[in-house]
$ cat query28.cif   # mmCIF, C-alpha atoms and all ligand atoms
data_data
loop_
_atom_site.label_atom_id
_atom_site.label_comp_id
_atom_site.auth_asym_id
_atom_site.auth_seq_id
_atom_site.Cartn_x
_atom_site.Cartn_y
_atom_site.Cartn_z
CA MET M 25 106.55 121.28 89.24
CA ARG M 26 105.30 119.65 92.43
CA ARG M 27 101.55 119.06 92.61
CA LYS M 28 100.10 120.34 95.85
CA ILE M 29 98.59 117.87 98.31
CA ILE M 30 96.18 118.80 101.07
CA ALA M 31 95.37 116.15 103.65
CA GLY M 32 92.86 116.21 106.48
CA ASN M 33 93.78 114.43 109.70
CA TRP M 34 90.51 113.66 111.45
CA LYS M 35 92.36 112.37 114.53
CA MET M 36 90.03 110.64 117.05
CA TYR M 37 86.94 112.47 115.89
CA LYS M 38 83.77 111.27 114.11
CA THR M 39 81.75 108.07 114.44
CA VAL M 40 81.21 106.03 111.27
CA ALA M 41 77.94 107.83 110.49
CA GLU M 42 79.50 111.25 111.13
CA ALA M 43 82.54 110.41 109.00
CA VAL M 44 80.33 109.29 106.12
CA GLU M 45 78.39 112.55 106.37
CA LEU M 46 81.55 114.68 106.45
CA ALA M 47 83.10 112.85 103.50
CA GLY M 48 79.86 113.25 101.52
CA GLY M 49 79.78 116.95 102.35
CA LEU M 50 83.36 117.45 101.21
CA LYS M 51 82.73 115.58 97.97
CA LYS M 52 79.79 117.88 97.29
CA GLU M 53 81.78 121.03 98.13
CA LEU M 54 84.62 120.03 95.81
CA GLY M 55 82.59 118.72 92.85
CA GLY M 56 84.95 118.02 89.97
CA PHE M 57 87.92 119.82 91.58
CA GLU M 58 91.24 118.90 90.01
CA GLY M 59 93.57 121.60 91.32
CA CYS M 60 95.57 119.44 93.73
CA ASP M 61 95.59 116.07 95.49
CA VAL M 62 93.09 115.84 98.33
CA VAL M 63 93.28 113.20 101.05
CA ILE M 64 91.12 112.59 104.12
CA CYS M 65 92.34 110.44 107.02
CA PRO M 66 89.52 109.21 109.26
CA THR M 67 89.97 106.67 112.05
CA PHE M 68 90.53 103.02 111.10
CA VAL M 69 86.93 102.00 111.82
CA CYS M 70 85.59 104.56 109.34
CA LEU M 71 87.90 103.77 106.41
CA THR M 72 85.78 101.16 104.62
CA GLU M 73 82.55 103.16 104.73
CA VAL M 74 84.24 106.45 103.83
CA SER M 75 86.00 104.69 100.96
CA LYS M 76 82.60 103.90 99.44
CA VAL M 77 81.54 107.54 99.72
CA VAL M 78 84.60 109.03 98.01
CA ALA M 79 85.04 106.30 95.36
CA GLY M 80 85.43 107.87 91.93
CA SER M 81 85.82 111.41 93.31
CA CYS M 82 88.84 113.67 93.67
CA VAL M 83 89.01 112.81 97.38
CA LYS M 84 91.47 110.07 98.28
CA LEU M 85 91.61 108.13 101.51
CA GLY M 86 94.37 107.71 104.09
CA ALA M 87 94.82 106.08 107.50
CA GLN M 88 96.43 107.72 110.53
CA ASN M 89 98.87 104.94 111.42
CA LEU M 90 99.69 101.27 110.81
CA TYR M 91 101.74 98.54 112.46
CA TRP M 92 104.87 97.21 110.77
CA GLU M 93 104.30 93.46 111.25
CA ALA M 94 102.35 91.65 108.52
CA GLU M 95 100.08 89.79 110.95
CA GLY M 96 100.12 87.99 114.26
CA ALA M 97 99.36 88.26 117.95
CA PHE M 98 99.47 92.07 118.17
CA THR M 99 96.19 92.91 119.84
CA GLY M 100 94.79 96.26 118.80
CA GLU M 101 97.15 96.81 115.88
CA ILE M 102 96.39 97.16 112.14
CA SER M 103 98.72 95.97 109.37
CA GLY M 104 99.55 97.69 106.10
CA ALA M 105 97.63 95.07 104.13
CA MET M 106 94.57 95.66 106.33
CA VAL M 107 94.75 99.42 105.75
CA LYS M 108 95.17 98.85 102.02
CA SER M 109 92.18 96.49 101.92
CA THR M 110 89.88 99.34 103.02
CA GLY M 111 90.60 101.33 99.87
CA ALA M 112 93.07 103.68 101.56
CA GLN M 113 96.00 104.88 99.46
CA TYR M 114 97.87 107.00 102.02
CA VAL M 115 98.91 106.66 105.64
CA ILE M 116 100.09 109.31 108.09
CA ILE M 117 103.20 108.14 109.92
CA GLY M 118 104.99 109.66 112.91
CA HIS M 119 102.46 112.35 113.77
CA SER M 120 103.67 114.34 116.78
CA GLU M 121 100.72 113.09 118.85
CA ARG M 122 101.99 109.55 118.28
CA ARG M 123 105.53 110.61 119.17
CA GLN M 124 104.24 112.42 122.27
CA TYR M 125 101.63 109.99 123.64
CA PHE M 126 102.44 106.59 122.13
CA GLY M 127 106.21 106.34 122.27
CA GLU M 128 106.80 106.75 118.53
CA THR M 129 110.48 107.17 117.66
CA ASN M 130 112.45 107.62 114.44
CA GLU M 131 113.09 103.87 114.52
CA THR M 132 109.42 102.91 114.73
CA VAL M 133 108.54 105.58 112.14
CA SER M 134 111.09 104.02 109.81
CA LYS M 135 109.61 100.52 110.29
CA ARG M 136 106.12 101.82 109.61
CA ILE M 137 107.26 103.63 106.46
CA LYS M 138 108.80 100.43 105.12
CA ALA M 139 105.63 98.45 105.93
CA ALA M 140 103.50 101.07 104.19
CA LEU M 141 105.62 101.00 101.04
CA LYS M 142 105.64 97.21 101.00
CA ASN M 143 101.86 97.29 100.96
CA GLY M 144 101.52 99.93 98.25
CA LEU M 145 100.56 102.75 100.61
CA LEU M 146 101.91 106.29 100.25
CA PRO M 147 103.32 107.54 103.57
CA ILE M 148 102.79 111.09 104.84
CA VAL M 149 105.70 111.37 107.26
CA CYS M 150 105.50 114.03 109.98
CA VAL M 151 108.47 115.89 111.44
CA GLY M 152 108.74 118.99 113.61
CA GLU M 153 110.01 120.60 116.77
CA ASN M 154 108.16 121.38 119.98
CA LEU M 155 108.01 124.78 121.68
CA ALA M 156 110.93 124.18 124.04
CA GLU M 157 113.06 123.02 121.12
CA ARG M 158 112.13 126.08 119.05
CA GLU M 159 112.77 128.45 121.93
CA GLY M 160 116.04 126.67 122.66
CA GLY M 161 117.23 127.26 119.10
CA LYS M 162 117.05 123.54 118.30
CA THR M 163 114.55 123.61 115.43
CA PHE M 164 116.99 122.68 112.68
CA ASP M 165 118.68 119.97 114.75
CA VAL M 166 115.37 118.34 115.64
CA VAL M 167 114.02 118.51 112.11
CA LYS M 168 117.25 117.08 110.71
CA ASP M 169 117.13 114.27 113.27
CA HIS M 170 113.49 113.44 112.38
CA VAL M 171 114.13 113.54 108.62
CA THR M 172 117.37 111.55 108.61
CA GLY M 173 116.20 109.08 111.27
CA SER M 174 112.78 108.44 109.73
CA LEU M 175 113.93 108.18 106.12
CA ALA M 176 117.13 106.21 106.77
CA GLY M 177 117.71 103.34 104.39
CA LEU M 178 115.13 104.35 101.79
CA THR M 179 116.02 104.29 98.11
CA LYS M 180 115.47 107.22 95.76
CA GLU M 181 112.61 105.28 94.13
CA GLU M 182 110.97 104.84 97.53
CA MET M 183 111.42 108.56 98.25
CA ASN M 184 109.28 109.33 95.18
CA LYS M 185 106.32 107.85 97.05
CA ILE M 186 106.81 109.82 100.26
CA VAL M 187 105.19 113.07 101.29
CA LEU M 188 106.74 114.91 104.22
CA ALA M 189 104.76 117.10 106.59
CA TYR M 190 106.58 119.77 108.58
CA GLU M 191 104.47 120.31 111.66
CA PRO M 192 105.86 122.53 114.40
CA VAL M 193 104.27 120.93 117.46
CA TRP M 194 103.66 124.35 119.06
CA ALA M 195 101.36 125.23 116.15
CA ILE M 196 99.23 122.06 116.21
CA GLY M 197 95.74 122.64 117.56
CA THR M 198 96.85 125.82 119.28
CA GLY M 199 95.61 128.38 116.80
CA LYS M 200 99.24 129.60 116.62
CA THR M 201 100.40 129.28 113.04
CA ALA M 202 104.04 129.52 112.04
CA THR M 203 104.49 132.61 109.92
CA SER M 204 104.89 131.85 106.24
CA ALA M 205 108.54 132.95 106.57
CA GLN M 206 109.16 130.61 109.54
CA ALA M 207 107.56 127.70 107.70
CA GLN M 208 109.34 128.43 104.42
CA GLU M 209 112.70 128.59 106.21
CA VAL M 210 112.28 125.09 107.64
CA HIS M 211 110.87 123.66 104.39
CA ALA M 212 113.90 124.95 102.49
CA TYR M 213 116.13 123.45 105.17
CA ILE M 214 114.38 120.05 104.84
CA ARG M 215 115.09 120.13 101.10
CA LYS M 216 118.75 120.76 101.89
CA VAL M 217 118.79 117.76 104.23
CA LEU M 218 117.15 115.61 101.54
CA ALA M 219 119.75 116.71 99.00
CA GLY M 220 122.47 115.59 101.40
CA MET M 221 120.79 112.25 102.14
CA PHE M 222 119.74 111.46 98.58
CA ASP M 223 120.41 113.98 95.81
CA GLN M 224 119.16 117.26 94.37
CA GLU M 225 116.58 115.51 92.20
CA VAL M 226 114.93 113.86 95.23
CA ALA M 227 115.15 117.12 97.19
CA SER M 228 113.41 119.05 94.40
CA ALA M 229 110.75 116.40 93.74
CA THR M 230 109.66 115.63 97.32
CA ARG M 231 106.41 117.24 98.37
CA ILE M 232 106.56 118.88 101.80
CA GLN M 233 103.32 119.87 103.49
CA TYR M 234 103.00 122.41 106.29
CA GLY M 235 100.80 121.54 109.26
CA GLY M 236 99.79 123.58 112.29
CA SER M 237 96.56 125.57 112.58
CA VAL M 238 96.05 125.91 108.84
CA LYS M 239 92.75 127.71 108.18
CA PRO M 240 91.00 129.12 105.10
CA GLU M 241 92.40 132.56 106.02
CA ASN M 242 96.08 131.58 106.08
CA ALA M 243 96.15 128.77 103.50
CA ALA M 244 96.89 130.92 100.45
CA GLU M 245 99.84 132.72 102.00
CA LEU M 246 101.42 129.55 103.42
CA MET M 247 100.87 127.59 100.22
CA GLY M 248 102.27 130.48 98.22
CA GLN M 249 105.76 129.88 99.63
CA ALA M 250 108.28 128.34 97.26
CA ASP M 251 108.92 125.18 99.26
CA ILE M 252 105.49 124.57 100.75
CA ASP M 253 103.61 122.00 98.69
CA GLY M 254 100.39 121.62 100.60
CA ALA M 255 99.03 121.20 104.07
CA LEU M 256 98.22 118.61 106.71
CA VAL M 257 95.14 119.99 108.39
CA GLY M 258 93.65 118.88 111.71
CA GLY M 259 90.86 120.94 113.25
CA ALA M 260 89.80 122.79 110.10
CA SER M 261 89.41 119.50 108.19
CA LEU M 262 86.53 118.46 110.44
CA LYS M 263 84.05 120.71 108.64
CA ALA M 264 83.46 120.24 104.92
CA ASP M 265 83.17 123.95 104.15
CA SER M 266 86.36 125.02 105.94
CA PHE M 267 88.42 122.15 104.53
CA ALA M 268 87.10 122.83 101.01
CA ALA M 269 87.95 126.52 101.44
CA ILE M 270 91.52 125.65 102.46
CA ILE M 271 91.87 123.39 99.42
CA LYS M 272 90.54 126.04 97.03
CA ASN M 273 92.61 128.84 98.59
CA ALA M 274 95.75 126.69 98.48
CA VAL M 275 95.75 126.58 94.69
CA LYS M 276 94.60 130.15 93.99
C1 LIG W 301 97.48 118.02 112.69
O1 LIG W 301 96.79 117.34 113.42
O2 LIG W 301 98.34 117.47 111.98
C2 LIG W 301 97.30 119.47 112.69
C3 LIG W 301 98.10 120.21 111.97
O3 LIG W 301 96.27 119.96 113.46
P1 LIG W 301 95.68 121.47 113.43
O4 LIG W 301 95.45 121.82 111.99
O5 LIG W 301 94.40 121.37 114.21
O6 LIG W 301 96.70 122.35 114.05
#
$ encode --input "query28.cif" --output "structure tokens"
Amino acid sequence: MRRKIIAGNWKMYKTVAEAVELAGGLKKELGGFEGCDVVICPTFVCLTEVSKVVAGSCVKLGAQNLYWEAEGAFTGEISGAMVKSTGAQYVIIGHSERRQYFGETNETVSKRIKAALKNGLLPIVCVGENLAEREGGKTFDVVKDHVTGSLAGLTKEEMNKIVLAYEPVWAIGTGKTATSAQAQEVHAYIRKVLAGMFDQEVASATRIQYGGSVKPENAAELMGQADIDGALVGGASLKADSFAAIIKNAVK
């Protein structure tokens, strides 16, 4: 039985003070909640302060990216060890906004995953097609390419530490959610790809989140699908009450 995992991607929103307030609000909303894993991913500059707020609670911390080199003359970059030193346990890797605006490729995603694992961080690896690819009937090809390219060379033991997030790009921040049937179809397909790359045990054990305009109103139906094991939430994670409602509805 896969334990559900709901993560909030705060993207480039919230100053340190605002992030501390939001994390405190979420902690209060959730109280002693134990129904699933909960992760919030603020910007790098907020990690240390937010870590202090959520310490000892059910809310875990994640970063939104990292660089694969251990250290050096890489102005503006953050290493895995640096992320880890903030108290973060997770890191989002290969988000479509990074693929779209910052030149992220399967190769760089793969390097970042390996750096995360080396530093004891749990990667949340994003895959998904854009609108043109969906309309062109390329969804399965693109998803297969992202999954196989990003996870190439990993061992089965390493796969135990990885969470995948299927995020159709056309549903991110658009208010357009994939139907539960559309999402389930791709999640089941991803499991098939994992079985081919690794084995059935890895395919059955890997947690696959759905991401793309998840809201309190659609969380229960999406999370009720057989192969959907949680959500990666953008916009609706920026308010404590809506994110808490998604989390509670997801495990109903
Ligand atoms: C995301 O940023 O990963 C995301 C799914 O955003 P939203 O929930 O706003 O669509």
$ closest_atom_pairs --input "query28.cif" --of "chain M" --to "ligand LIG 301 (chain W)" --cutoff "7 Å" --atoms "all atoms listed in the file" --output "tab-separated table"
residue	atom	partner	partner_atom	distance
M:Asn33	CA	W:LIG301	O1	5.6
M:Lys35	CA	W:LIG301	O1	6.7
M:His119	CA	W:LIG301	O2	6.8
M:Glu191	CA	W:LIG301	C3	6.4
M:Ala195	CA	W:LIG301	O6	5.9
M:Ile196	CA	W:LIG301	O6	3.3
M:Gly197	CA	W:LIG301	O6	3.7
M:Thr198	CA	W:LIG301	O6	6.3
M:Gly199	CA	W:LIG301	O6	6.7
M:Gly235	CA	W:LIG301	C3	4.1
M:Gly236	CA	W:LIG301	O6	3.8
M:Ser237	CA	W:LIG301	O6	3.5
M:Val238	CA	W:LIG301	O4	5.2
M:Leu256	CA	W:LIG301	O2	5.4
M:Val257	CA	W:LIG301	O4	4.1
M:Gly258	CA	W:LIG301	O3	3.3
M:Gly259	CA	W:LIG301	O5	3.7
M:Ala260	CA	W:LIG301	O4	6.0
$ residues_near_point --input "query28.cif" --point "(98.9, 122.1, 96.7)" --cutoff "12 Å" --atoms "only C-alpha atoms" --output "MDAnalysis selection string"
chainID M and resid 25:31 58:63 187 231:234 243:256 270:276
$ residues_around --input "query28.cif" --residues "Lys108 (chain M)" --least-positions-apart "3" --cutoff "8 Å" --atoms "only C-alpha atoms" --output "list in words"
Gly104, Ala105, Gly111, Ala112, Gln113, Asn143, Gly144 and Leu145 of chain M
$ atom_distance --input "query28.cif" --atom1 "CA of Glu153 (chain M)" --atom2 "CA of Val193 (chain M)"
5.8 Å
$ residues_around --input "query28.cif" --residues "region 75-90 of chain M" --least-positions-apart "3" --cutoff "7 Å" --atoms "only C-alpha atoms" --output "list in words"
Val44, Ala47, Gly48, Lys51, Gly56, Phe57, Glu58, Val62, Val63, Ile64, Cys65, Pro66, Thr67, Phe68, Leu71, Thr72, Ile102, Ser103, Gly104, Val107, Thr110, Gly111, Ala112, Gln113, Tyr114, Val115, Ile116, Ile117 and Arg136 of chain M
$ atom_distance --input "query28.cif" --atom1 "CA of Ala207 (chain M)" --atom2 "CA of Tyr190 (chain M)"
8.0 Å
$ residues_around --input "query28.cif" --residues "region 219-226 of chain M" --least-positions-apart "4" --cutoff "9 Å" --atoms "all atoms listed in the file" --output "short mmCIF file (atom, residue, chain, number, x, y, z; two decimals) with C-alpha atoms, keeping the file's coordinate frame"
data_model
loop_
_atom_site.label_atom_id
_atom_site.label_comp_id
_atom_site.auth_asym_id
_atom_site.auth_seq_id
_atom_site.Cartn_x
_atom_site.Cartn_y
_atom_site.Cartn_z
CA THR M 172 117.37 111.55 108.61
CA LEU M 175 113.93 108.18 106.12
CA ALA M 176 117.13 106.21 106.77
CA THR M 179 116.02 104.29 98.11
CA LYS M 180 115.47 107.22 95.76
CA GLU M 181 112.61 105.28 94.13
CA MET M 183 111.42 108.56 98.25
CA ASN M 184 109.28 109.33 95.18
CA ILE M 214 114.38 120.05 104.84
CA ARG M 215 115.09 120.13 101.10
CA THR M 230 109.66 115.63 97.32
#
$ atom_distance --input "query28.cif" --atom1 "CA of Ala205 (chain M)" --atom2 "CA of Ala229 (chain M)"
21.1 Å
$ closest_residue --input "query28.cif" --among "M:Thr201, M:Trp194, M:Val171, M:Glu157" --to "Lys216 (chain M)" --atoms "only C-alpha atoms"
M:Val171
$ closest_residue --input "query28.cif" --among "M:Tyr213, M:Leu146, M:Ala189, M:Arg123" --to "Thr163 (chain M)" --atoms "only C-alpha atoms"
M:Tyr213
$ closest_residue --input "query28.cif" --among "M:Glu53, M:Glu95, M:Glu182, M:Glu159" --to "Lys138 (chain M)" --atoms "all atoms listed in the file"
M:Glu182
$ build_atoms --input "query28.cif" --residues "region 130-148 of chain M" --atoms "N, CA, C and O atoms" --output "PDB file, in the coordinates of the input"
ATOM      1  N   ASN M 130     111.993 107.700 115.836  1.00  0.00           N
ATOM      2  CA  ASN M 130     112.450 107.620 114.440  1.00  0.00           C
ATOM      3  C   ASN M 130     112.527 106.164 113.982  1.00  0.00           C
ATOM      4  O   ASN M 130     112.238 105.856 112.829  1.00  0.00           O
ATOM      5  N   GLU M 131     112.930 105.282 114.882  1.00  0.00           N
ATOM      6  CA  GLU M 131     113.090 103.870 114.520  1.00  0.00           C
ATOM      7  C   GLU M 131     111.730 103.243 114.189  1.00  0.00           C
ATOM      8  O   GLU M 131     111.599 102.523 113.204  1.00  0.00           O
ATOM      9  N   THR M 132     110.732 103.514 115.014  1.00  0.00           N
ATOM     10  CA  THR M 132     109.420 102.910 114.730  1.00  0.00           C
ATOM     11  C   THR M 132     108.775 103.594 113.512  1.00  0.00           C
ATOM     12  O   THR M 132     108.075 102.952 112.734  1.00  0.00           O
ATOM     13  N   VAL M 133     109.045 104.881 113.349  1.00  0.00           N
ATOM     14  CA  VAL M 133     108.540 105.580 112.140  1.00  0.00           C
ATOM     15  C   VAL M 133     109.127 104.910 110.905  1.00  0.00           C
ATOM     16  O   VAL M 133     108.420 104.619 109.931  1.00  0.00           O
ATOM     17  N   SER M 134     110.406 104.640 110.949  1.00  0.00           N
ATOM     18  CA  SER M 134     111.090 104.020 109.810  1.00  0.00           C
ATOM     19  C   SER M 134     110.481 102.643 109.490  1.00  0.00           C
ATOM     20  O   SER M 134     110.229 102.313 108.330  1.00  0.00           O
ATOM     21  N   LYS M 135     110.208 101.854 110.515  1.00  0.00           N
ATOM     22  CA  LYS M 135     109.610 100.520 110.290  1.00  0.00           C
ATOM     23  C   LYS M 135     108.222 100.654 109.677  1.00  0.00           C
ATOM     24  O   LYS M 135     107.835  99.890 108.797  1.00  0.00           O
ATOM     25  N   ARG M 136     107.467 101.634 110.150  1.00  0.00           N
ATOM     26  CA  ARG M 136     106.120 101.820 109.610  1.00  0.00           C
ATOM     27  C   ARG M 136     106.175 102.298 108.159  1.00  0.00           C
ATOM     28  O   ARG M 136     105.363 101.890 107.326  1.00  0.00           O
ATOM     29  N   ILE M 137     107.135 103.160 107.846  1.00  0.00           N
ATOM     30  CA  ILE M 137     107.260 103.630 106.460  1.00  0.00           C
ATOM     31  C   ILE M 137     107.536 102.442 105.541  1.00  0.00           C
ATOM     32  O   ILE M 137     106.906 102.296 104.475  1.00  0.00           O
ATOM     33  N   LYS M 138     108.439 101.583 105.956  1.00  0.00           N
ATOM     34  CA  LYS M 138     108.800 100.430 105.120  1.00  0.00           C
ATOM     35  C   LYS M 138     107.598  99.490 104.945  1.00  0.00           C
ATOM     36  O   LYS M 138     107.357  98.982 103.853  1.00  0.00           O
ATOM     37  N   ALA M 139     106.829  99.303 106.023  1.00  0.00           N
ATOM     38  CA  ALA M 139     105.630  98.450 105.930  1.00  0.00           C
ATOM     39  C   ALA M 139     104.599  99.074 105.000  1.00  0.00           C
ATOM     40  O   ALA M 139     103.940  98.380 104.221  1.00  0.00           O
ATOM     41  N   ALA M 140     104.458 100.378 105.070  1.00  0.00           N
ATOM     42  CA  ALA M 140     103.500 101.070 104.190  1.00  0.00           C
ATOM     43  C   ALA M 140     103.889 100.874 102.729  1.00  0.00           C
ATOM     44  O   ALA M 140     103.070 100.485 101.891  1.00  0.00           O
ATOM     45  N   LEU M 141     105.156 101.117 102.427  1.00  0.00           N
ATOM     46  CA  LEU M 141     105.620 101.000 101.040  1.00  0.00           C
ATOM     47  C   LEU M 141     105.459  99.576 100.526  1.00  0.00           C
ATOM     48  O   LEU M 141     105.049  99.361  99.388  1.00  0.00           O
ATOM     49  N   LYS M 142     105.758  98.623 101.374  1.00  0.00           N
ATOM     50  CA  LYS M 142     105.640  97.210 101.000  1.00  0.00           C
ATOM     51  C   LYS M 142     104.206  96.867 100.617  1.00  0.00           C
ATOM     52  O   LYS M 142     103.961  95.991  99.798  1.00  0.00           O
ATOM     53  N   ASN M 143     103.268  97.569 101.224  1.00  0.00           N
ATOM     54  CA  ASN M 143     101.860  97.290 100.960  1.00  0.00           C
ATOM     55  C   ASN M 143     101.223  98.277  99.991  1.00  0.00           C
ATOM     56  O   ASN M 143      99.998  98.370  99.902  1.00  0.00           O
ATOM     57  N   GLY M 144     102.051  99.031  99.285  1.00  0.00           N
ATOM     58  CA  GLY M 144     101.520  99.930  98.250  1.00  0.00           C
ATOM     59  C   GLY M 144     100.812 101.150  98.801  1.00  0.00           C
ATOM     60  O   GLY M 144      99.967 101.745  98.125  1.00  0.00           O
ATOM     61  N   LEU M 145     101.146 101.531 100.027  1.00  0.00           N
ATOM     62  CA  LEU M 145     100.560 102.750 100.610  1.00  0.00           C
ATOM     63  C   LEU M 145     101.561 103.895 100.506  1.00  0.00           C
ATOM     64  O   LEU M 145     102.775 103.670 100.585  1.00  0.00           O
ATOM     65  N   LEU M 146     101.055 105.106 100.360  1.00  0.00           N
ATOM     66  CA  LEU M 146     101.910 106.290 100.250  1.00  0.00           C
ATOM     67  C   LEU M 146     102.005 106.964 101.615  1.00  0.00           C
ATOM     68  O   LEU M 146     100.997 107.456 102.135  1.00  0.00           O
ATOM     69  N   PRO M 147     103.201 106.967 102.220  1.00  0.00           N
ATOM     70  CA  PRO M 147     103.320 107.540 103.570  1.00  0.00           C
ATOM     71  C   PRO M 147     103.347 109.076 103.564  1.00  0.00           C
ATOM     72  O   PRO M 147     103.970 109.691 102.708  1.00  0.00           O
ATOM     73  N   ILE M 148     102.663 109.648 104.531  1.00  0.00           N
ATOM     74  CA  ILE M 148     102.790 111.090 104.840  1.00  0.00           C
ATOM     75  C   ILE M 148     103.553 111.131 106.163  1.00  0.00           C
ATOM     76  O   ILE M 148     102.999 110.778 107.215  1.00  0.00           O
TER      77      ILE M 148
END
